[in-house]
Amino acid sequence: MTVLKFLSTLSLIFLTTCSSKDEIQKENKLQLQFKQYSTFVNDTFYIDVQLPQGYYDHPKRKYPTLFFIDGNFFFPMMSAIIDQYETAGLMVPAIVVGIGYKSLKTMDSLRVRDYLYPQALPSDELEASGGAQNFYNYLTQELIPEIDKNYRNEQNNRSLLGHSFGGYFVLYSMLKQLGQPTEVFKHFISASPTLWYHNFYLNQIPAQLAKYHPSNLTLLMSVGGKEDSTWSVKPLQNLEIAIQNQRIKGLEFSSRVYNHLDHMDVAIPTFTQGLRAWMKTQED
């Protein structure tokens with residue numbers, strides 16, 4: 001089964017089981033969608049937003065914001081999970097944002113364009129233009145200002161979450177943020193990142209962390225134990241060791257290997273456990 005067929009099947013099943021709940025939330029104006037054209041990417045993105053349950057009942061309260069890459073696939077699942085954790089009192093309320101495309105099929109074809117940097121090497125065996133710089137500019141200069149303008153969010157408490165190529169983009173975004181006067185994102189969750197890309201371009205992260213000393217960042221990386229040992233598991237473990245060796249005081253860092261999981265199974269437990277660790281309620 002191809003990745004696209006797997007994603008389509010799983011997403012259809014999940015959307016079917018959650019359809020009645022989604023309809024109720026839309027009636028309460030808790031789930032919204034808008035389109036946004038990006039001058040940096042020269043394309044239109046489809047943005048899903050889920051507001052916390054008490055958003056309209058507490059007009060002065062502000063909330064952390066969670067940005068999910070591959071929004072077509074992950075937003076339906078993670079918005080439902082986060083809503084249920086909030087209902088159970090196991091997670092503080094948060095605004096959930098899914099950054100997506102016109103369709104799941106479109107997402108599958110364009111994620112290589114938007115999530116990777118630099119341009120692919122012949123050894124990568126894929127065609128990637130290195131458009132992550134443009135996509136990062138879209139997030140930080142077009143999308144986030146729109147979210148900040150329209151929703152009551154804590155502008156110093158944003159999380160960025162992604163898987164596979166999206167996980168690569170999460171780490172690339174953290175790298176781009178280092179040394180900048182403003183830290184756009186506070187939390188980074190990278191599930192099964194494609195660290196092999198461009199001759200392990202992201203292996204410069206430990207040295208850059210040591211150079212710029214972030215003031216208050218949180219990073220979680222993960223990989224599935226059933227993924228390829230040479231190209232997935234070992235590179236993440238090597239990067240983990242290199243980051244730990246730098247002893248960065250301003251970085252809260254953790255890394256996990258889910259021994260029983262393969263590549264496509266890692267994202268949801270990584271996202272859920274990472275957010276639970278950072279967003280526990282006081283009663284939890």
# chains A, B, ... in the order shown; residues from 1 in each chain; ligands from 1
>>> select_by_dssp(residues="segment 58-141 of chain A", states="strand (DSSP E or B)", output="ChimeraX atom specification")
/A:63-68,95-100
>>> write_last_selection(atoms="N, CA, C and O atoms", output="PDB file, in the first residue's frame")
ATOM      1  N   TYR A  63      -4.379  31.761  24.940  1.00  0.00           N
ATOM      2  CA  TYR A  63      -4.081  30.333  24.885  1.00  0.00           C
ATOM      3  C   TYR A  63      -2.801  30.049  24.093  1.00  0.00           C
ATOM      4  O   TYR A  63      -2.467  30.776  23.149  1.00  0.00           O
ATOM      5  N   PRO A  64      -2.099  28.963  24.455  1.00  0.00           N
ATOM      6  CA  PRO A  64      -0.988  28.505  23.614  1.00  0.00           C
ATOM      7  C   PRO A  64      -1.516  28.057  22.257  1.00  0.00           C
ATOM      8  O   PRO A  64      -2.688  27.681  22.127  1.00  0.00           O
ATOM      9  N   THR A  65      -0.662  28.103  21.250  1.00  0.00           N
ATOM     10  CA  THR A  65      -1.064  27.729  19.888  1.00  0.00           C
ATOM     11  C   THR A  65      -0.188  26.588  19.383  1.00  0.00           C
ATOM     12  O   THR A  65       1.038  26.639  19.509  1.00  0.00           O
ATOM     13  N   LEU A  66      -0.833  25.583  18.797  1.00  0.00           N
ATOM     14  CA  LEU A  66      -0.163  24.404  18.278  1.00  0.00           C
ATOM     15  C   LEU A  66      -0.289  24.387  16.762  1.00  0.00           C
ATOM     16  O   LEU A  66      -1.402  24.313  16.225  1.00  0.00           O
ATOM     17  N   PHE A  67       0.831  24.441  16.057  1.00  0.00           N
ATOM     18  CA  PHE A  67       0.842  24.456  14.596  1.00  0.00           C
ATOM     19  C   PHE A  67       1.271  23.074  14.083  1.00  0.00           C
ATOM     20  O   PHE A  67       2.387  22.625  14.364  1.00  0.00           O
ATOM     21  N   PHE A  68       0.392  22.437  13.298  1.00  0.00           N
ATOM     22  CA  PHE A  68       0.668  21.111  12.757  1.00  0.00           C
ATOM     23  C   PHE A  68       0.977  21.200  11.270  1.00  0.00           C
ATOM     24  O   PHE A  68       0.160  21.683  10.475  1.00  0.00           O
ATOM     25  N   ILE A  95      -5.185  26.522  21.262  1.00  0.00           N
ATOM     26  CA  ILE A  95      -5.652  26.743  19.894  1.00  0.00           C
ATOM     27  C   ILE A  95      -4.854  25.820  18.982  1.00  0.00           C
ATOM     28  O   ILE A  95      -3.627  25.771  19.042  1.00  0.00           O
ATOM     29  N   VAL A  96      -5.552  25.059  18.140  1.00  0.00           N
ATOM     30  CA  VAL A  96      -4.918  24.089  17.245  1.00  0.00           C
ATOM     31  C   VAL A  96      -5.013  24.607  15.816  1.00  0.00           C
ATOM     32  O   VAL A  96      -6.103  24.956  15.353  1.00  0.00           O
ATOM     33  N   VAL A  97      -3.888  24.645  15.116  1.00  0.00           N
ATOM     34  CA  VAL A  97      -3.844  25.137  13.738  1.00  0.00           C
ATOM     35  C   VAL A  97      -3.254  24.061  12.839  1.00  0.00           C
ATOM     36  O   VAL A  97      -2.154  23.565  13.099  1.00  0.00           O
ATOM     37  N   GLY A  98      -3.973  23.690  11.798  1.00  0.00           N
ATOM     38  CA  GLY A  98      -3.473  22.747  10.811  1.00  0.00           C
ATOM     39  C   GLY A  98      -3.132  23.475   9.528  1.00  0.00           C
ATOM     40  O   GLY A  98      -3.967  24.187   8.955  1.00  0.00           O
ATOM     41  N   ILE A  99      -1.902  23.326   9.058  1.00  0.00           N
ATOM     42  CA  ILE A  99      -1.441  24.005   7.843  1.00  0.00           C
ATOM     43  C   ILE A  99      -1.521  23.007   6.700  1.00  0.00           C
ATOM     44  O   ILE A  99      -0.719  22.075   6.606  1.00  0.00           O
ATOM     45  N   GLY A 100      -2.516  23.176   5.838  1.00  0.00           N
ATOM     46  CA  GLY A 100      -2.782  22.173   4.823  1.00  0.00           C
ATOM     47  C   GLY A 100      -2.885  22.733   3.417  1.00  0.00           C
ATOM     48  O   GLY A 100      -2.606  23.909   3.153  1.00  0.00           O
TER      49      GLY A 100
END
>>> residues_around(residues="Thr44 of chain A", least_positions_apart="6", cutoff="10 Å", atoms="only C-alpha atoms", output="list in words")
Lys35, Gln36, Tyr37, Ser38, Gly100, Tyr101 and Lys102 of chain A
>>> write_last_selection(atoms="N, CA, C and O atoms", output="PDB file, in the first residue's frame")
ATOM      1  N   LYS A  35      -8.672  30.180   3.743  1.00  0.00           N
ATOM      2  CA  LYS A  35      -7.625  30.047   2.731  1.00  0.00           C
ATOM      3  C   LYS A  35      -6.713  31.270   2.812  1.00  0.00           C
ATOM      4  O   LYS A  35      -7.171  32.374   3.096  1.00  0.00           O
ATOM      5  N   GLN A  36      -5.435  31.041   2.555  1.00  0.00           N
ATOM      6  CA  GLN A  36      -4.492  32.158   2.599  1.00  0.00           C
ATOM      7  C   GLN A  36      -3.470  31.997   1.481  1.00  0.00           C
ATOM      8  O   GLN A  36      -2.778  30.980   1.395  1.00  0.00           O
ATOM      9  N   TYR A  37      -3.390  33.010   0.648  1.00  0.00           N
ATOM     10  CA  TYR A  37      -2.396  32.995  -0.425  1.00  0.00           C
ATOM     11  C   TYR A  37      -1.065  33.489   0.115  1.00  0.00           C
ATOM     12  O   TYR A  37      -1.000  34.491   0.830  1.00  0.00           O
ATOM     13  N   SER A  38       0.006  32.777  -0.216  1.00  0.00           N
ATOM     14  CA  SER A  38       1.344  33.157   0.233  1.00  0.00           C
ATOM     15  C   SER A  38       2.142  33.753  -0.922  1.00  0.00           C
ATOM     16  O   SER A  38       2.320  33.111  -1.966  1.00  0.00           O
ATOM     17  N   GLY A 100      -2.516  23.176   5.838  1.00  0.00           N
ATOM     18  CA  GLY A 100      -2.782  22.173   4.823  1.00  0.00           C
ATOM     19  C   GLY A 100      -2.885  22.733   3.417  1.00  0.00           C
ATOM     20  O   GLY A 100      -2.606  23.909   3.153  1.00  0.00           O
ATOM     21  N   TYR A 101      -3.316  21.856   2.531  1.00  0.00           N
ATOM     22  CA  TYR A 101      -3.442  22.154   1.113  1.00  0.00           C
ATOM     23  C   TYR A 101      -4.878  21.900   0.675  1.00  0.00           C
ATOM     24  O   TYR A 101      -5.729  21.532   1.482  1.00  0.00           O
ATOM     25  N   LYS A 102      -5.153  22.071  -0.589  1.00  0.00           N
ATOM     26  CA  LYS A 102      -6.509  21.920  -1.095  1.00  0.00           C
ATOM     27  C   LYS A 102      -7.072  20.539  -0.819  1.00  0.00           C
ATOM     28  O   LYS A 102      -8.270  20.387  -0.577  1.00  0.00           O
TER      29      LYS A 102
END
>>> select_by_dssp(residues="segment 89-276 of chain A", states="helix (DSSP H, G or I)", output="NGL selection string")
:A and (104-115 or 122-124 or 132-150 or 165-177 or 197-212 or 229-246 or 263-265 or 267-276)
>>> residues_around(residues="Val184 of chain A", least_positions_apart="6", cutoff="10 Å", atoms="only C-alpha atoms", output="list in words")
Leu139, Thr140, Ile144, Gln155, Asn156, Asn157, Arg158, Ser159, Leu160, Ser173, Met174 and Gln177 of chain A
>>> write_last_selection(atoms="N, CA, C and O atoms", output="compact mmCIF listing (two decimals), in the first residue's frame")
# COMPACT_ATOMS: atom_id res chain seq x y z
N LEU A 139 5.06 30.90 7.10
CA LEU A 139 4.59 30.67 8.47
C LEU A 139 4.84 31.89 9.34
O LEU A 139 3.93 32.36 10.04
N THR A 140 6.06 32.38 9.33
CA THR A 140 6.46 33.41 10.29
C THR A 140 6.02 34.81 9.90
O THR A 140 5.81 35.66 10.78
N ILE A 144 1.35 33.35 10.85
CA ILE A 144 1.34 33.67 12.28
C ILE A 144 0.80 35.07 12.55
O ILE A 144 0.00 35.25 13.49
N GLN A 155 1.47 34.79 22.49
CA GLN A 155 2.41 34.93 21.39
C GLN A 155 3.83 34.51 21.74
O GLN A 155 4.70 34.46 20.88
N ASN A 156 4.06 34.19 23.00
CA ASN A 156 5.35 33.64 23.41
C ASN A 156 5.26 32.15 23.73
O ASN A 156 6.15 31.59 24.36
N ASN A 157 4.17 31.51 23.26
CA ASN A 157 3.96 30.10 23.58
C ASN A 157 3.37 29.36 22.38
O ASN A 157 2.20 28.96 22.39
N ARG A 158 4.18 29.21 21.34
CA ARG A 158 3.76 28.50 20.14
C ARG A 158 4.54 27.20 20.00
O ARG A 158 5.73 27.15 20.32
N SER A 159 3.86 26.16 19.51
CA SER A 159 4.50 24.86 19.26
C SER A 159 4.41 24.54 17.79
O SER A 159 3.40 24.83 17.13
N LEU A 160 5.44 23.90 17.25
CA LEU A 160 5.47 23.45 15.86
C LEU A 160 5.69 21.95 15.85
O LEU A 160 6.64 21.45 16.45
N SER A 173 13.21 24.66 11.05
CA SER A 173 12.66 25.90 11.59
C SER A 173 13.36 26.29 12.88
O SER A 173 13.62 27.48 13.11
N MET A 174 13.66 25.32 13.72
CA MET A 174 14.40 25.62 14.94
C MET A 174 15.78 26.16 14.59
O MET A 174 16.26 27.13 15.21
N GLN A 177 15.58 29.70 13.49
CA GLN A 177 15.23 30.61 14.57
C GLN A 177 16.42 30.97 15.45
O GLN A 177 16.44 32.04 16.08
>>> atom_distance(atom1="atom CA of Pro214 of chain A", atom2="atom CA of Tyr258 of chain A")
27.7 Å
>>> residues_around(residues="Ser109 of chain A", least_positions_apart="2", cutoff="12 Å", atoms="only C-alpha atoms", output="PDB file with C-alpha atoms, in the first residue's frame")
ATOM      1  CA  VAL A   3       1.829   6.173   1.623  1.00  0.00           C
ATOM      2  CA  LEU A   4      -0.913   8.217  -0.036  1.00  0.00           C
ATOM      3  CA  ASP A  70       0.662  18.205   7.026  1.00  0.00           C
ATOM      4  CA  GLY A 100      -2.782  22.173   4.823  1.00  0.00           C
ATOM      5  CA  TYR A 101      -3.442  22.154   1.113  1.00  0.00           C
ATOM      6  CA  LYS A 102      -6.509  21.920  -1.095  1.00  0.00           C
ATOM      7  CA  SER A 103      -6.667  18.148  -0.620  1.00  0.00           C
ATOM      8  CA  LEU A 104      -4.791  15.204   0.844  1.00  0.00           C
ATOM      9  CA  LYS A 105      -3.580  14.343  -2.645  1.00  0.00           C
ATOM     10  CA  THR A 106      -2.265  17.873  -3.160  1.00  0.00           C
ATOM     11  CA  MET A 107      -0.491  17.718   0.192  1.00  0.00           C
ATOM     12  CA  ARG A 111       5.186  18.569   0.854  1.00  0.00           C
ATOM     13  CA  VAL A 112       8.561  17.827  -0.773  1.00  0.00           C
ATOM     14  CA  ARG A 113       8.502  21.305  -2.275  1.00  0.00           C
ATOM     15  CA  ASP A 114       7.743  23.024   1.037  1.00  0.00           C
ATOM     16  CA  TYR A 115       9.399  21.054   3.838  1.00  0.00           C
ATOM     17  CA  GLU A 127      13.376  16.122  -6.710  1.00  0.00           C
ATOM     18  CA  ALA A 128      13.220  18.838  -4.070  1.00  0.00           C
TER      19      ALA A 128
END
>>> atom_distance(atom1="atom CA of Ile189 of chain A", atom2="atom CA of Phe73 of chain A")
16.4 Å
